[in-house]
Amino acid sequence: MNPDSINPAAWSELWANLAIFKDAIWAAGLAGALLGFIGVHVVLRRMVFASSAIAQAAALGVALSFWVPALIDPIGHAAGHAAGPMAHLLPSPLFEPVLWAIAASLLATLVFIANPVRLHLTRESMLGFVFLVSGAGAVIVGDKITQESHDLAAILFGSAVVVQTIDLYLVSAATVVLLGGHLFLWRALIFVGYDPMGARVQRMPVRALNAFLFVSVGLAVALCTRALGALPVFAFSVLPAMTALAFTSRIGLVFVLATLVGAFSGVAGFAVSFRAELPVGATQSATGAVLLTAALLWRVVMAQRDRRRARNQPPPVSAGSAGLTTSAASERASTASAPRTDAA
Amino acid sequence: MRTALGLARPVTGTIERRPGLRLAYVPQQSALDAIFPISVLDYVLMGLQGLGNVTLVRRGVYLETARRALAEAGATAFERRQLRDLSGGQRQRVLMARALCTDADLVCLDEPTNALDAASEQEILALIERLRTRRGAAVVMVTHLVEDGLERADRALLLDRDHGVALAATSAAMRAAPEFQHIYGRFVGRHGHGA
């Protein structure tokens with residue numbers, strides 16, 4: 001963004017109306033931080049489409065929460081429509097769309113917890129299966145409930161300009177509980193993801209840890225999708241982790257950076273969308289993409305610098321003159337010329 | 001090996017394990033995903049995780065043990081480097097350091113000399129020998145280095161699906177077995193070990 005084009009009055013307008021937008025800004029920041037942290041596992045385990053597939057499952061859950069009441073009591077449902085726009089909704093909390101979204105998300109995560117190797121399938125293909133079944137289901141069920149299509153679209157994609165207070169509470173609670181759990185278990189989750197066989201041999205609770213990871217992904221995605229919309233949720237769960245992995249090879253720092261980049265993308269994206277009058281979710285996603293692009297460029301520059309340094313170093317001492325075995329000499333040379341971007 | 005490690009059910013029969021038996025598994029290098037940014041020290045520290053120490057929250061307490069294992073494996077020099085950036089020989093030494101770190105009673109190694117040059121092969125075999133002699137661990141190793149394997153092992157298990165062979169024997173008896181001679185007779189015994 002060109003700094004010259006920034007209108008101070010517009011920024012001050014955002015500041016003046018902070019009371020109106022603060023819930024949305026908090027929700028974006030918290031969701032970005034939570035999904036940024038969890039996203040590191042998602043990216044490292046090569047399941048970047050997990051959040052997309054779970055969001056589709058949440059969509060199907062929301063559609064079903066409208067359709068099932070109409071199926072159970074079609075006459076009452078039709079009478080409700082005649083009485084008013086909201087009168088047809090059943091008063092039972094059982095048909096609260098958020099609950100159905102969470103239930104459908106958790107059901108979808110069961111597919112990931114099951115070991116697809118036994119079925120001669122990859123986890124990636126199972127993600128595709130969940131995405132397609134949920135997407136097709138949401139479209140088919142959505143077609144049956146045309147009267148509520150506007151409500152459905154609002155719940156599916158959210159309106160991050162103004163976030164309902166209850167959604168902010170849910171996102172806040174999810175951030176505290178899930179992020180707390182992940183902070184406690186991050187080393188265990190990395191071990192289980194990196195070397196699952198070794199972890200099982202050492203009697204790590206591999207299935208329980210994987211279940212925690214997938215359930216936390218399902219819950220975080222379902223709640224954040226309801227508050228912010230599907231696009232930024234997918235972006236927050238992938239782009240900050242990629243950015244952090246491009247910046248550093250220190251695993252602990254990767255988690256810290258991904259959390260900060262996710263929170264920054266949410267808050268800064270909201271501010272930029274307000275100033276430039278752009279769609280909020282798309283702007284937050286674009287902010288994450290800009291940060292990732294910058295990180296990748298930095299990585300390329302650093303790699304070139306390391307290659308130049310390696311070329312300028314004197315050649316290693318020959319094995320014979322050093323009195324070393326060939327492999328020991330070559331390994332020592334390899335140690336000396338390696339880039340030092342990987343402190344423990 | 002998966003069955004012995006408790007990762008797969010036996011097809012028939014049962015496996016009895018002494019209570020408290022500590023196991024360690026050294027995977028093939030190719031099984032480790034290079035996308036993970038895991039430092040050498042962090043990898044060795046994983047050997048100290050398990051039931052009763054799942055989270056490794058007090059990491060500092062275990063650093064000394066991990067560093068001792070790295071020193072024993074001759075891998076101290078690359079403690080701060082990324083596992084994915086190491087050469088095959090260096091990486092295998094780090095994998096061995098994790099096995100040393102576990103202080104296991106039974107160590108299972110899956111082709112530890114795969115894709116290594118001759119010098120690294122001998123270094124790794126020497127490290128495995130040290131596991132046995134100094135630590136007193138029982139070692140089960142899958143290998144295609146028949147000669148080297150028989151030279152060091154007390155007992156050998158020959159499994160060959162193509163020839164329908166499953167034969168367990170002492171190393172000396174294995175060399176003399178007709179099934180072994182039929183499959184490997186042409187390739188072993190070049191140094192006077194053959195039947």
# chains A, B, ... in the order shown; residues from 1 in each chain; ligands from 1
>>> interface_residues(of="chain B", to="chain A", cutoff="6 Å", atoms="only C-alpha atoms", output="PyMOL selection string")
chain B and resi 25+37+39+50-51+54-55+80-82
>>> select_by_dssp(residues="segment 12-181 of chain B", states="alpha helix (DSSP H)", output="PyMOL selection string")
chain B and resi 40-46+59-72+88-102+118-133+146-152+171-176+178-181
>>> residues_around(residues="Gly262 of chain A", least_positions_apart="2", cutoff="8 Å", atoms="only C-alpha atoms", output="ChimeraX atom specification")
/A:29,31-36,236,239-240,258-260,264-266,288
>>> atom_distance(atom1="atom CA of Pro178 of chain B", atom2="atom CA of Val165 of chain B")
10.9 Å
>>> select_by_dssp(residues="chain B", states="strand (DSSP E)", output="list in words")
Leu23, Ala24, Tyr25, Val26, Leu106, Val107, Cys108, Leu109, Asp110, Ala138, Val139, Val140, Met141, Val142, Arg155, Ala156, Leu157, Leu158, Leu159, Asp160, Val165, Ala166, Leu167, Ala168, Ala169 and Thr170 of chain B
>>> atom_distance(atom1="atom CA of Ala169 of chain B", atom2="atom CA of Thr143 of chain B")
16.0 Å
>>> atom_distance(atom1="atom CA of Arg207 of chain A", atom2="atom CA of Pro27 of chain B")
19.7 Å
>>> closest_residue(among="B:Thr14, B:Thr3, B:Thr113, B:Thr65", to="Arg98 of chain B", atoms="only C-alpha atoms")
B:Thr65
